[in-house]
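The structure appears right after this line, and notes come after that.
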Amino acid sequence: MKTPMLEGVLFFPVTPFTDLGEVDLAVLHQHVSAGTDAGPGGVFVACGTGEFHALDVEEFTAVVRTAVDAVGGRVPVYAGAGGALGLARRFARAAAEAGADGLLLMPPYLVDSPAEGLVAYVRAVAQETSLPVIVYNRGNARFDEDTAAQVAQLPTVTGFKDGTGDLDLVARIIPAVRESLSASGKEFQFFNGMPTAEASQPAYRALGVKLYSSAAFAFAPDISLAFHRAVEEDDGERVDALQRAFFHPLVRLRKRVPGYAVALVKAGVTLEGNKAGPVRPPLTSLGAGEIEELAAIIAEGRAVLAS
């Protein structure tokens, strides 16, 4: 089976919750359907922005199945997996059974380990399913050049997503992986997975990394797509204007409190008319004043689009 190569803006939906804390599948369906209508290159459900860490396997399965239904085959749907090895295997199997097209493999739970142990972790999860796997380099799952090349050679691993921001290391990992795959001709993709990835995308793009996560797409797809076009067209003036008016203020708000990378996206989705509900503990939701700040940031971003 040939894995389709991803392109364009990658949409990371939130997982909406009711006021009682239950997963709101009806709102999720609306959210994913509307986002897919806007034209992303792929949908990554129940990942970091989708509060994967807070979902049990049954909730996760329902979320993935709902997203797959909402997308309706228009673009690939990837689902999160990770945590303790036994659970990561269960999530991988559940994602396949729910109709996902691939997995984003996130870090194992809590423990620090040598990079060689991470290779064994990726191999063990990848063996549970034939789905293509994108490995997330972030948190306590940090690969070096050698081990990144090792996981890239696993048959179902098709991508490497960096969330460390260590551009020096990424600049060494990319050629190491490409060299390791040169004889096989295997297609492989690299991703910028930093929070508010647009803020760092010009630097990643200089390394040849064109794909990135767009949390902003979840609540402001017009701004997200406009930024992507500006980057693709090398429109530095528009890129700078959107960075100053929207993405840099968003980063400053996001960094105010740990976990706001998720909470502000859910607040943005609600501001745009799709009630996403609260985040689950241990995350905390934005306060009223911060929601007003977010609304002003969105308005400033759209003012750039109108100029």
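Each chain in the structure tokens gets a letter, A, B and so on, in the order shown; residues start at 1 in every chain, and ligands are counted from 1 in the order they appear.
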Counting only C-alpha atoms, give me one row per residue of range 157-230 of chain A with an atom at most 12 Å from an atom of range 17-31 of chain A, showing the shortest contact pair and its distance in Å to one decimal, sorted by chain then residue number, as a tab-separated table.
```
residue	atom	partner	partner_atom	distance
A:Phe217	CA	A:His31	CA	11.1
A:Ala218	CA	A:His31	CA	8.0
A:Phe219	CA	A:His31	CA	9.2
A:Ala220	CA	A:His31	CA	11.9
A:Pro221	CA	A:His31	CA	11.7
```
Fill in: Ala100 in chain A environment, 8 Å, only C-alpha atoms, sequence neighbours closer than 3 positions dropped, as a PyMOL selection string
chain A and resi 64-65+68+76-79+95-97+103
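Considering the residues A:Thr196, A:Ser307, A:Thr15, A:Asn140 and counting only C-alpha atoms, Leu110 in chain A has its shortest atom-to-atom contact with A:Asn140.
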Mind checking which residues fall within 10 Å of range 115-131 of chain A, counting only C-alpha atoms, ignoring those fewer than 2 positions away in the same chain, and posting them as an mmCIF file with all heavy atoms, in the first residue's frame?
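As written to disk, around15.cif reads:
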```
data_model
loop_
_atom_site.group_PDB
_atom_site.id
_atom_site.type_symbol
_atom_site.label_atom_id
_atom_site.label_comp_id
_atom_site.auth_asym_id
_atom_site.auth_seq_id
_atom_site.Cartn_x
_atom_site.Cartn_y
_atom_site.Cartn_z
ATOM 1 N N MET A 1 0.840 -1.198 0.000
ATOM 2 C CA MET A 1 0.000 0.000 0.000
ATOM 3 C C MET A 1 0.877 1.251 0.000
ATOM 4 O O MET A 1 1.749 1.399 0.847
ATOM 5 C CB MET A 1 -0.901 0.018 1.243
ATOM 6 C CG MET A 1 -1.816 1.230 1.325
ATOM 7 S SD MET A 1 -2.838 1.223 2.814
ATOM 8 C CE MET A 1 -1.605 1.474 4.097
ATOM 9 N N THR A 3 1.651 5.000 0.712
ATOM 10 C CA THR A 3 1.172 6.025 1.629
ATOM 11 C C THR A 3 1.106 7.364 0.906
ATOM 12 O O THR A 3 2.107 7.808 0.333
ATOM 13 C CB THR A 3 2.130 6.138 2.832
ATOM 14 O OG1 THR A 3 2.203 4.876 3.483
ATOM 15 C CG2 THR A 3 1.624 7.188 3.800
ATOM 16 N N TYR A 78 -5.162 11.320 10.478
ATOM 17 C CA TYR A 78 -4.194 10.694 11.373
ATOM 18 C C TYR A 78 -4.699 10.831 12.807
ATOM 19 O O TYR A 78 -5.342 11.825 13.156
ATOM 20 C CB TYR A 78 -2.825 11.368 11.252
ATOM 21 C CG TYR A 78 -2.010 10.887 10.073
ATOM 22 C CD1 TYR A 78 -2.417 11.144 8.772
ATOM 23 C CD2 TYR A 78 -0.836 10.177 10.271
ATOM 24 C CE1 TYR A 78 -1.675 10.703 7.686
ATOM 25 C CE2 TYR A 78 -0.074 9.723 9.190
ATOM 26 C CZ TYR A 78 -0.510 9.991 7.903
ATOM 27 O OH TYR A 78 0.224 9.545 6.838
ATOM 28 N N ALA A 81 -1.287 8.532 19.138
ATOM 29 C CA ALA A 81 -1.022 7.344 19.943
ATOM 30 C C ALA A 81 0.209 7.667 20.778
ATOM 31 O O ALA A 81 1.016 8.513 20.402
ATOM 32 C CB ALA A 81 -0.786 6.103 19.084
ATOM 33 N N GLY A 82 0.345 6.995 21.905
ATOM 34 C CA GLY A 82 1.498 7.272 22.749
ATOM 35 C C GLY A 82 1.226 6.863 24.179
ATOM 36 O O GLY A 82 0.274 6.139 24.475
ATOM 37 N N ALA A 84 2.164 4.995 27.860
ATOM 38 C CA ALA A 84 2.715 3.696 28.249
ATOM 39 C C ALA A 84 2.603 2.719 27.084
ATOM 40 O O ALA A 84 1.624 2.750 26.330
ATOM 41 C CB ALA A 84 1.964 3.158 29.460
ATOM 42 N N LEU A 85 3.583 1.860 26.927
ATOM 43 C CA LEU A 85 3.668 1.022 25.736
ATOM 44 C C LEU A 85 2.406 0.196 25.509
ATOM 45 O O LEU A 85 1.889 0.121 24.385
ATOM 46 C CB LEU A 85 4.890 0.105 25.826
ATOM 47 C CG LEU A 85 5.100 -0.844 24.639
ATOM 48 C CD1 LEU A 85 5.176 -0.078 23.326
ATOM 49 C CD2 LEU A 85 6.347 -1.689 24.850
ATOM 50 N N GLY A 86 1.897 -0.426 26.555
ATOM 51 C CA GLY A 86 0.685 -1.228 26.398
ATOM 52 C C GLY A 86 -0.485 -0.403 25.907
ATOM 53 O O GLY A 86 -1.247 -0.835 25.024
ATOM 54 N N LEU A 87 -0.641 0.797 26.458
ATOM 55 C CA LEU A 87 -1.720 1.680 26.007
ATOM 56 C C LEU A 87 -1.465 2.182 24.597
ATOM 57 O O LEU A 87 -2.401 2.294 23.796
ATOM 58 C CB LEU A 87 -1.871 2.859 26.969
ATOM 59 C CG LEU A 87 -2.597 2.574 28.283
ATOM 60 C CD1 LEU A 87 -2.510 3.780 29.191
ATOM 61 C CD2 LEU A 87 -4.057 2.214 28.023
ATOM 62 N N ALA A 88 -0.223 2.512 24.288
ATOM 63 C CA ALA A 88 0.094 2.991 22.936
ATOM 64 C C ALA A 88 -0.293 1.947 21.894
ATOM 65 O O ALA A 88 -0.818 2.271 20.823
ATOM 66 C CB ALA A 88 1.578 3.327 22.835
ATOM 67 N N ARG A 89 -0.051 0.682 22.193
ATOM 68 C CA ARG A 89 -0.460 -0.386 21.277
ATOM 69 C C ARG A 89 -1.975 -0.421 21.132
ATOM 70 O O ARG A 89 -2.504 -0.606 20.024
ATOM 71 C CB ARG A 89 0.047 -1.734 21.797
ATOM 72 C CG ARG A 89 1.553 -1.930 21.663
ATOM 73 C CD ARG A 89 1.959 -3.150 22.462
ATOM 74 N NE ARG A 89 3.294 -3.619 22.108
ATOM 75 C CZ ARG A 89 4.002 -4.462 22.859
ATOM 76 N NH1 ARG A 89 3.510 -4.911 23.989
ATOM 77 N NH2 ARG A 89 5.195 -4.844 22.467
ATOM 78 N N ARG A 90 -2.677 -0.279 22.248
ATOM 79 C CA ARG A 90 -4.145 -0.289 22.184
ATOM 80 C C ARG A 90 -4.666 0.887 21.369
ATOM 81 O O ARG A 90 -5.593 0.738 20.568
ATOM 82 C CB ARG A 90 -4.742 -0.249 23.598
ATOM 83 C CG ARG A 90 -4.575 -1.525 24.394
ATOM 84 C CD ARG A 90 -5.290 -1.434 25.729
ATOM 85 N NE ARG A 90 -6.741 -1.299 25.539
ATOM 86 C CZ ARG A 90 -7.596 -0.977 26.524
ATOM 87 N NH1 ARG A 90 -7.136 -0.740 27.744
ATOM 88 N NH2 ARG A 90 -8.885 -0.888 26.279
ATOM 89 N N PHE A 91 -4.094 2.053 21.576
ATOM 90 C CA PHE A 91 -4.518 3.226 20.796
ATOM 91 C C PHE A 91 -4.235 3.020 19.307
ATOM 92 O O PHE A 91 -5.040 3.405 18.460
ATOM 93 C CB PHE A 91 -3.819 4.488 21.304
ATOM 94 C CG PHE A 91 -4.403 5.049 22.567
ATOM 95 C CD1 PHE A 91 -3.642 5.136 23.731
ATOM 96 C CD2 PHE A 91 -5.711 5.509 22.612
ATOM 97 C CE1 PHE A 91 -4.175 5.661 24.896
ATOM 98 C CE2 PHE A 91 -6.255 6.033 23.773
ATOM 99 C CZ PHE A 91 -5.484 6.103 24.917
ATOM 100 N N ALA A 92 -3.096 2.421 18.989
ATOM 101 C CA ALA A 92 -2.763 2.165 17.594
ATOM 102 C C ALA A 92 -3.789 1.224 16.959
ATOM 103 O O ALA A 92 -4.262 1.461 15.832
ATOM 104 C CB ALA A 92 -1.357 1.577 17.485
ATOM 105 N N ARG A 93 -4.151 0.162 17.666
ATOM 106 C CA ARG A 93 -5.154 -0.768 17.134
ATOM 107 C C ARG A 93 -6.512 -0.091 17.018
ATOM 108 O O ARG A 93 -7.226 -0.266 16.013
ATOM 109 C CB ARG A 93 -5.251 -2.003 18.033
ATOM 110 C CG ARG A 93 -4.013 -2.882 18.037
ATOM 111 C CD ARG A 93 -4.300 -4.237 18.678
ATOM 112 N NE ARG A 93 -4.704 -4.124 20.069
ATOM 113 C CZ ARG A 93 -3.872 -4.170 21.107
ATOM 114 N NH1 ARG A 93 -2.567 -4.297 20.902
ATOM 115 N NH2 ARG A 93 -4.321 -4.086 22.343
ATOM 116 N N ALA A 94 -6.868 0.693 18.031
ATOM 117 C CA ALA A 94 -8.165 1.367 18.022
ATOM 118 C C ALA A 94 -8.263 2.360 16.878
ATOM 119 O O ALA A 94 -9.316 2.490 16.232
ATOM 120 C CB ALA A 94 -8.399 2.077 19.356
ATOM 121 N N ALA A 95 -7.178 3.080 16.594
ATOM 122 C CA ALA A 95 -7.183 4.053 15.496
ATOM 123 C C ALA A 95 -7.439 3.361 14.171
ATOM 124 O O ALA A 95 -8.215 3.839 13.337
ATOM 125 C CB ALA A 95 -5.856 4.804 15.464
ATOM 126 N N ALA A 96 -6.787 2.217 13.956
ATOM 127 C CA ALA A 96 -6.985 1.478 12.709
ATOM 128 C C ALA A 96 -8.425 0.982 12.599
ATOM 129 O O ALA A 96 -9.060 1.092 11.540
ATOM 130 C CB ALA A 96 -6.009 0.303 12.639
ATOM 131 N N GLU A 97 -8.955 0.456 13.706
ATOM 132 C CA GLU A 97 -10.317 -0.066 13.691
ATOM 133 C C GLU A 97 -11.344 1.038 13.465
ATOM 134 O O GLU A 97 -12.419 0.796 12.898
ATOM 135 C CB GLU A 97 -10.605 -0.796 15.003
ATOM 136 C CG GLU A 97 -9.812 -2.100 15.149
ATOM 137 C CD GLU A 97 -9.799 -2.631 16.571
ATOM 138 O OE1 GLU A 97 -10.467 -2.008 17.441
ATOM 139 O OE2 GLU A 97 -9.122 -3.649 16.821
ATOM 140 N N ALA A 100 -8.829 5.343 10.841
ATOM 141 C CA ALA A 100 -7.771 6.332 10.617
ATOM 142 C C ALA A 100 -6.851 5.884 9.494
ATOM 143 O O ALA A 100 -6.697 4.686 9.219
ATOM 144 C CB ALA A 100 -6.970 6.557 11.894
ATOM 145 N N ASP A 101 -6.242 6.853 8.840
ATOM 146 C CA ASP A 101 -5.310 6.579 7.749
ATOM 147 C C ASP A 101 -3.862 6.503 8.210
ATOM 148 O O ASP A 101 -2.982 6.076 7.452
ATOM 149 C CB ASP A 101 -5.424 7.671 6.681
ATOM 150 C CG ASP A 101 -6.812 7.725 6.075
ATOM 151 O OD1 ASP A 101 -7.230 6.726 5.473
ATOM 152 O OD2 ASP A 101 -7.479 8.772 6.222
ATOM 153 N N GLY A 102 -3.588 6.952 9.441
ATOM 154 C CA GLY A 102 -2.224 6.938 9.934
ATOM 155 C C GLY A 102 -2.179 7.314 11.401
ATOM 156 O O GLY A 102 -3.206 7.658 12.012
ATOM 157 N N LEU A 103 -0.978 7.258 11.971
ATOM 158 C CA LEU A 103 -0.763 7.564 13.387
ATOM 159 C C LEU A 103 0.290 8.652 13.551
ATOM 160 O O LEU A 103 1.275 8.695 12.807
ATOM 161 C CB LEU A 103 -0.270 6.333 14.148
ATOM 162 C CG LEU A 103 -1.166 5.110 14.235
ATOM 163 C CD1 LEU A 103 -0.410 3.975 14.912
ATOM 164 C CD2 LEU A 103 -2.446 5.430 14.997
ATOM 165 N N LEU A 105 2.769 9.267 16.437
ATOM 166 C CA LEU A 105 3.234 8.603 17.649
ATOM 167 C C LEU A 105 3.932 9.599 18.552
ATOM 168 O O LEU A 105 5.010 10.105 18.243
ATOM 169 C CB LEU A 105 4.182 7.451 17.296
ATOM 170 C CG LEU A 105 4.676 6.617 18.477
ATOM 171 C CD1 LEU A 105 3.518 6.053 19.294
ATOM 172 C CD2 LEU A 105 5.588 5.497 17.993
ATOM 173 N N MET A 106 3.301 9.848 19.700
ATOM 174 C CA MET A 106 3.803 10.825 20.661
ATOM 175 C C MET A 106 4.662 10.142 21.719
ATOM 176 O O MET A 106 4.822 8.922 21.703
ATOM 177 C CB MET A 106 2.611 11.580 21.250
ATOM 178 C CG MET A 106 1.931 12.427 20.186
ATOM 179 S SD MET A 106 0.489 13.357 20.763
ATOM 180 C CE MET A 106 -0.720 12.052 20.892
ATOM 181 N N PRO A 107 5.223 10.902 22.653
ATOM 182 C CA PRO A 107 6.185 10.320 23.595
ATOM 183 C C PRO A 107 5.566 9.295 24.539
ATOM 184 O O PRO A 107 4.372 9.333 24.832
ATOM 185 C CB PRO A 107 6.686 11.541 24.384
ATOM 186 C CG PRO A 107 6.461 12.703 23.478
ATOM 187 C CD PRO A 107 5.191 12.375 22.746
ATOM 188 N N PRO A 108 6.404 8.382 25.063
ATOM 189 C CA PRO A 108 5.967 7.481 26.132
ATOM 190 C C PRO A 108 5.741 8.266 27.415
ATOM 191 O O PRO A 108 6.205 9.405 27.551
ATOM 192 C CB PRO A 108 7.129 6.498 26.268
ATOM 193 C CG PRO A 108 8.312 7.246 25.763
ATOM 194 C CD PRO A 108 7.795 8.145 24.674
ATOM 195 N N ASP A 112 12.292 8.945 31.327
ATOM 196 C CA ASP A 112 13.401 9.294 30.451
ATOM 197 C C ASP A 112 14.081 8.005 30.023
ATOM 198 O O ASP A 112 14.147 7.037 30.786
ATOM 199 C CB ASP A 112 14.403 10.195 31.177
ATOM 200 C CG ASP A 112 13.838 11.589 31.429
ATOM 201 O OD1 ASP A 112 13.120 12.083 30.549
ATOM 202 O OD2 ASP A 112 14.106 12.148 32.503
ATOM 203 N N SER A 113 14.580 7.992 28.805
ATOM 204 C CA SER A 113 15.189 6.768 28.298
ATOM 205 C C SER A 113 16.261 7.134 27.290
ATOM 206 O O SER A 113 16.244 8.220 26.718
ATOM 207 C CB SER A 113 14.134 5.891 27.619
ATOM 208 O OG SER A 113 13.566 6.572 26.507
ATOM 209 N N VAL A 133 3.135 5.646 10.185
ATOM 210 C CA VAL A 133 3.420 6.272 11.478
ATOM 211 C C VAL A 133 4.326 7.479 11.277
ATOM 212 O O VAL A 133 5.357 7.389 10.611
ATOM 213 C CB VAL A 133 4.102 5.269 12.431
ATOM 214 C CG1 VAL A 133 4.477 5.951 13.760
ATOM 215 C CG2 VAL A 133 3.207 4.066 12.682
ATOM 216 N N ILE A 134 3.927 8.596 11.871
ATOM 217 C CA ILE A 134 4.784 9.785 11.964
ATOM 218 C C ILE A 134 5.294 9.846 13.404
ATOM 219 O O ILE A 134 4.500 9.826 14.344
ATOM 220 C CB ILE A 134 4.019 11.066 11.614
ATOM 221 C CG1 ILE A 134 3.543 11.028 10.155
ATOM 222 C CG2 ILE A 134 4.886 12.309 11.852
ATOM 223 C CD1 ILE A 134 2.511 12.089 9.821
ATOM 224 N N VAL A 135 6.592 9.885 13.573
ATOM 225 C CA VAL A 135 7.205 9.886 14.899
ATOM 226 C C VAL A 135 7.379 11.326 15.368
ATOM 227 O O VAL A 135 7.917 12.171 14.644
ATOM 228 C CB VAL A 135 8.562 9.165 14.871
ATOM 229 C CG1 VAL A 135 9.268 9.277 16.221
ATOM 230 C CG2 VAL A 135 8.369 7.698 14.484
ATOM 231 N N ASN A 140 10.011 13.992 26.285
ATOM 232 C CA ASN A 140 10.985 12.987 26.708
ATOM 233 C C ASN A 140 11.275 11.962 25.607
ATOM 234 O O ASN A 140 11.906 10.951 25.853
ATOM 235 C CB ASN A 140 10.509 12.263 27.972
ATOM 236 C CG ASN A 140 9.200 11.530 27.753
ATOM 237 O OD1 ASN A 140 8.326 12.023 27.051
ATOM 238 N ND2 ASN A 140 9.047 10.374 28.358
ATOM 239 N N ALA A 141 10.800 12.242 24.386
ATOM 240 C CA ALA A 141 11.097 11.374 23.233
ATOM 241 C C ALA A 141 11.981 12.147 22.267
ATOM 242 O O ALA A 141 11.514 12.710 21.282
ATOM 243 C CB ALA A 141 9.807 10.928 22.555
ATOM 244 N N ARG A 142 13.275 12.183 22.575
ATOM 245 C CA ARG A 142 14.218 12.968 21.773
ATOM 246 C C ARG A 142 15.212 12.040 21.091
ATOM 247 O O ARG A 142 15.981 11.348 21.753
ATOM 248 C CB ARG A 142 14.938 14.002 22.638
ATOM 249 C CG ARG A 142 13.978 15.075 23.154
ATOM 250 C CD ARG A 142 14.698 16.188 23.889
ATOM 251 N NE ARG A 142 13.730 17.207 24.295
ATOM 252 C CZ ARG A 142 13.847 18.498 24.013
ATOM 253 N NH1 ARG A 142 14.891 18.937 23.327
ATOM 254 N NH2 ARG A 142 12.926 19.360 24.415
ATOM 255 N N PHE A 143 15.161 12.067 19.783
ATOM 256 C CA PHE A 143 16.010 11.205 18.974
ATOM 257 C C PHE A 143 17.271 11.965 18.566
ATOM 258 O O PHE A 143 17.259 13.187 18.448
ATOM 259 C CB PHE A 143 15.257 10.747 17.728
ATOM 260 C CG PHE A 143 14.064 9.879 18.032
ATOM 261 C CD1 PHE A 143 12.855 10.444 18.423
ATOM 262 C CD2 PHE A 143 14.152 8.500 17.941
ATOM 263 C CE1 PHE A 143 11.754 9.649 18.718
ATOM 264 C CE2 PHE A 143 13.060 7.696 18.234
ATOM 265 C CZ PHE A 143 11.853 8.270 18.616
ATOM 266 N N ASP A 144 18.339 11.215 18.331
ATOM 267 C CA ASP A 144 19.535 11.812 17.762
ATOM 268 C C ASP A 144 19.607 11.398 16.296
ATOM 269 O O ASP A 144 18.694 10.761 15.764
ATOM 270 C CB ASP A 144 20.789 11.412 18.545
ATOM 271 C CG ASP A 144 20.959 9.905 18.661
ATOM 272 O OD1 ASP A 144 20.453 9.163 17.778
ATOM 273 O OD2 ASP A 144 21.603 9.452 19.626
ATOM 274 N N GLU A 145 20.692 11.776 15.627
ATOM 275 C CA GLU A 145 20.792 11.478 14.188
ATOM 276 C C GLU A 145 20.703 9.984 13.900
ATOM 277 O O GLU A 145 19.981 9.553 12.989
ATOM 278 C CB GLU A 145 22.118 12.018 13.642
ATOM 279 C CG GLU A 145 22.247 13.536 13.715
ATOM 280 C CD GLU A 145 23.673 13.973 13.939
ATOM 281 O OE1 GLU A 145 24.426 14.032 12.946
ATOM 282 O OE2 GLU A 145 24.033 14.230 15.100
ATOM 283 N N ASP A 146 21.412 9.187 14.676
ATOM 284 C CA ASP A 146 21.465 7.752 14.407
ATOM 285 C C ASP A 146 20.112 7.093 14.648
ATOM 286 O O ASP A 146 19.641 6.306 13.823
ATOM 287 C CB ASP A 146 22.534 7.104 15.288
ATOM 288 C CG ASP A 146 22.630 5.608 15.060
ATOM 289 O OD1 ASP A 146 22.868 5.195 13.906
ATOM 290 O OD2 ASP A 146 22.456 4.848 16.022
ATOM 291 N N THR A 147 19.484 7.410 15.768
ATOM 292 C CA THR A 147 18.225 6.729 16.084
ATOM 293 C C THR A 147 17.069 7.269 15.230
ATOM 294 O O THR A 147 16.135 6.527 14.927
ATOM 295 C CB THR A 147 17.893 6.852 17.584
ATOM 296 O OG1 THR A 147 17.996 8.226 17.988
ATOM 297 C CG2 THR A 147 18.848 5.998 18.408
ATOM 298 N N ALA A 148 17.123 8.523 14.817
ATOM 299 C CA ALA A 148 16.130 9.023 13.873
ATOM 300 C C ALA A 148 16.223 8.252 12.562
ATOM 301 O O ALA A 148 15.212 7.880 11.956
ATOM 302 C CB ALA A 148 16.311 10.519 13.631
ATOM 303 N N ALA A 149 17.445 7.996 12.125
ATOM 304 C CA ALA A 149 17.640 7.208 10.905
ATOM 305 C C ALA A 149 17.158 5.783 11.092
ATOM 306 O O ALA A 149 16.572 5.182 10.171
ATOM 307 C CB ALA A 149 19.112 7.226 10.510
ATOM 308 N N GLN A 150 17.347 5.229 12.284
ATOM 309 C CA GLN A 150 16.889 3.861 12.541
ATOM 310 C C GLN A 150 15.364 3.753 12.467
ATOM 311 O O GLN A 150 14.830 2.832 11.844
ATOM 312 C CB GLN A 150 17.372 3.383 13.907
ATOM 313 C CG GLN A 150 18.853 3.086 13.991
ATOM 314 C CD GLN A 150 19.235 2.572 15.364
ATOM 315 O OE1 GLN A 150 18.622 1.654 15.896
ATOM 316 N NE2 GLN A 150 20.257 3.186 15.949
ATOM 317 N N VAL A 151 14.657 4.686 13.100
ATOM 318 C CA VAL A 151 13.188 4.584 13.064
ATOM 319 C C VAL A 151 12.663 4.886 11.660
ATOM 320 O O VAL A 151 11.644 4.327 11.233
ATOM 321 C CB VAL A 151 12.503 5.492 14.113
ATOM 322 C CG1 VAL A 151 12.892 5.078 15.518
ATOM 323 C CG2 VAL A 151 12.778 6.959 13.880
ATOM 324 N N ALA A 152 13.356 5.741 10.916
ATOM 325 C CA ALA A 152 12.919 6.047 9.556
ATOM 326 C C ALA A 152 12.956 4.814 8.671
ATOM 327 O O ALA A 152 12.201 4.711 7.700
ATOM 328 C CB ALA A 152 13.792 7.150 8.961
ATOM 329 N N LEU A 154 12.153 1.789 9.638
ATOM 330 C CA LEU A 154 11.072 0.851 9.947
ATOM 331 C C LEU A 154 10.030 0.933 8.826
ATOM 332 O O LEU A 154 9.710 2.027 8.355
ATOM 333 C CB LEU A 154 10.451 1.183 11.297
ATOM 334 C CG LEU A 154 11.379 1.025 12.516
ATOM 335 C CD1 LEU A 154 10.702 1.541 13.769
ATOM 336 C CD2 LEU A 154 11.797 -0.434 12.682
ATOM 337 N N PRO A 155 9.498 -0.180 8.386
ATOM 338 C CA PRO A 155 8.667 -0.196 7.171
ATOM 339 C C PRO A 155 7.506 0.783 7.167
ATOM 340 O O PRO A 155 7.206 1.379 6.130
ATOM 341 C CB PRO A 155 8.173 -1.646 7.110
ATOM 342 C CG PRO A 155 9.213 -2.430 7.840
ATOM 343 C CD PRO A 155 9.700 -1.537 8.926
ATOM 344 N N THR A 156 6.827 0.948 8.310
ATOM 345 C CA THR A 156 5.632 1.786 8.320
ATOM 346 C C THR A 156 5.875 3.211 8.791
ATOM 347 O O THR A 156 4.945 4.022 8.812
ATOM 348 C CB THR A 156 4.535 1.152 9.202
ATOM 349 O OG1 THR A 156 5.059 0.939 10.520
ATOM 350 C CG2 THR A 156 4.054 -0.163 8.615
ATOM 351 N N VAL A 157 7.096 3.552 9.181
ATOM 352 C CA VAL A 157 7.385 4.926 9.621
ATOM 353 C C VAL A 157 7.624 5.787 8.377
ATOM 354 O O VAL A 157 8.530 5.519 7.587
ATOM 355 C CB VAL A 157 8.589 4.976 10.567
ATOM 356 C CG1 VAL A 157 8.975 6.429 10.880
ATOM 357 C CG2 VAL A 157 8.273 4.233 11.865
ATOM 358 N N THR A 158 6.791 6.805 8.217
ATOM 359 C CA THR A 158 6.824 7.622 6.995
ATOM 360 C C THR A 158 7.126 9.095 7.250
ATOM 361 O O THR A 158 7.198 9.876 6.301
ATOM 362 C CB THR A 158 5.477 7.536 6.268
ATOM 363 O OG1 THR A 158 4.435 8.015 7.141
ATOM 364 C CG2 THR A 158 5.160 6.107 5.858
#
```
Fill in: Residues near range 42-49 of chain A, cut-off 8 Å, only C-alpha atoms, skip fewer than 3 positions along chain, as a PyMOL selection string
chain A and resi 6-15+36+52-53+60+63-64+67+75-81+104+215+261-262+265
Worksheet item: Could you write out, as JSON, numbers by chain, all the residues of range 79-251 of chain A that DSSP marks as helix (DSSP H, G or I)?
Response: {"A": [85, 86, 87, 88, 89, 90, 91, 92, 93, 94, 95, 96, 97, 115, 116, 117, 118, 119, 120, 121, 122, 123, 124, 125, 126, 145, 146, 147, 148, 149, 150, 151, 152, 167, 168, 169, 170, 171, 172, 173, 174, 175, 176, 177, 178, 179, 180, 181, 197, 198, 199, 201, 202, 203, 204, 205, 206, 215, 216, 217, 218, 221, 222, 223, 224, 225, 226, 227, 228, 229, 230, 231, 232, 236, 237, 238, 239, 240, 241, 242, 243, 244, 245, 246, 247, 248, 249, 250, 251]}
Worksheet item: Could you pull the residues within 9 Å of Lys186 in chain A, counting only C-alpha atoms, minus those fewer than 4 positions along the same chain, as a list in words?
Response: Gln153, Thr158, Leu181 and Ser182 of chain A
Store the residues of this selection in a file with C-alpha atoms, as a short mmCIF file (atom, residue, chain, number, x, y, z; two decimals), in the first residue's frame.
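The result, stored in part_5.cif:
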```cif
data_model
loop_
_atom_site.label_atom_id
_atom_site.label_comp_id
_atom_site.auth_asym_id
_atom_site.auth_seq_id
_atom_site.Cartn_x
_atom_site.Cartn_y
_atom_site.Cartn_z
CA GLN A 153 13.95 2.66 8.21
CA THR A 158 6.82 7.62 6.99
CA LEU A 181 16.86 5.84 2.98
CA SER A 182 18.74 6.65 -0.22
#
```
Discussion item. As a list in words, please: every residue in range 17-95 of chain A that a backbone DSSP assignment puts in strand (DSSP E).
Written reply: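 Matching residues for strand (DSSP E) in range 17-95 of chain A are Gly42, Val43, Phe44, Val45, Val77, Tyr78, Ala79, Gly80 and Ala81 of chain A.
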Quick one: write out the picked residues with C-alpha atoms as a CSV table (one decimal), in the first residue's frame?
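Now in part19.csv:
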```csv
chain,number,residue,atom,x,y,z
A,42,GLY,CA,-4.8,16.5,6.4
A,43,VAL,CA,-6.6,16.1,9.7
A,44,PHE,CA,-4.8,15.0,12.9
A,45,VAL,CA,-7.4,14.1,15.5
A,77,VAL,CA,-7.0,11.4,8.9
A,78,TYR,CA,-4.2,10.7,11.4
A,79,ALA,CA,-4.8,9.8,15.0
A,80,GLY,CA,-2.6,10.2,18.1
A,81,ALA,CA,-1.0,7.3,19.9
```
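With only C-alpha atoms as the atoms that count, the residue of A:Val111, A:Ala206, A:Ala263, A:Ala245 with the shortest distance to Ala303 in chain A is A:Ala245.
For Ala241 in chain A, the set of protein, DNA and RNA residues having any atom at most 12 Å away, when counting only C-alpha atoms and skipping those fewer than 2 positions along the same chain, is Ala199, Ile223, Ala226, Phe227, Ala230, Val231, Asp235, Gly236, Glu237, Arg238, Val239, Gln243, Arg244, Ala245, Phe246, Phe247, His248, Pro249, Glu300, Gly301, Arg302, Ala303, Val304, Leu305, Ala306 and Ser307 of chain A.
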Would you mind exporting C-alpha atoms of the selected residues as a short mmCIF file (atom, residue, chain, number, x, y, z; two decimals), in the first residue's frame?
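Dumped everything to selection.cif:
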```
data_model
loop_
_atom_site.label_atom_id
_atom_site.label_comp_id
_atom_site.auth_asym_id
_atom_site.auth_seq_id
_atom_site.Cartn_x
_atom_site.Cartn_y
_atom_site.Cartn_z
CA ALA A 199 6.05 31.51 14.30
CA ILE A 223 -5.56 33.39 8.68
CA ALA A 226 -3.32 33.08 4.13
CA PHE A 227 -0.06 32.64 6.03
CA ALA A 230 2.40 33.85 1.80
CA VAL A 231 5.13 31.42 2.83
CA ASP A 235 5.66 36.98 0.21
CA GLY A 236 7.86 38.21 3.03
CA GLU A 237 5.85 41.36 3.61
CA ARG A 238 2.63 39.40 4.22
CA VAL A 239 4.44 36.82 6.35
CA GLN A 243 3.56 37.32 12.38
CA ARG A 244 3.46 40.75 14.04
CA ALA A 245 -0.33 41.09 14.19
CA PHE A 246 -1.40 37.53 14.93
CA PHE A 247 1.14 34.78 15.48
CA HIS A 248 3.61 36.55 17.76
CA PRO A 249 0.85 37.90 20.06
CA GLU A 300 -5.92 42.01 14.24
CA GLY A 301 -5.01 39.02 12.11
CA ARG A 302 -8.12 39.48 9.98
CA ALA A 303 -7.39 43.16 9.65
CA VAL A 304 -4.12 42.20 7.94
CA LEU A 305 -6.06 39.96 5.55
CA ALA A 306 -8.39 42.84 4.70
CA SER A 307 -5.55 45.32 4.08
#
```
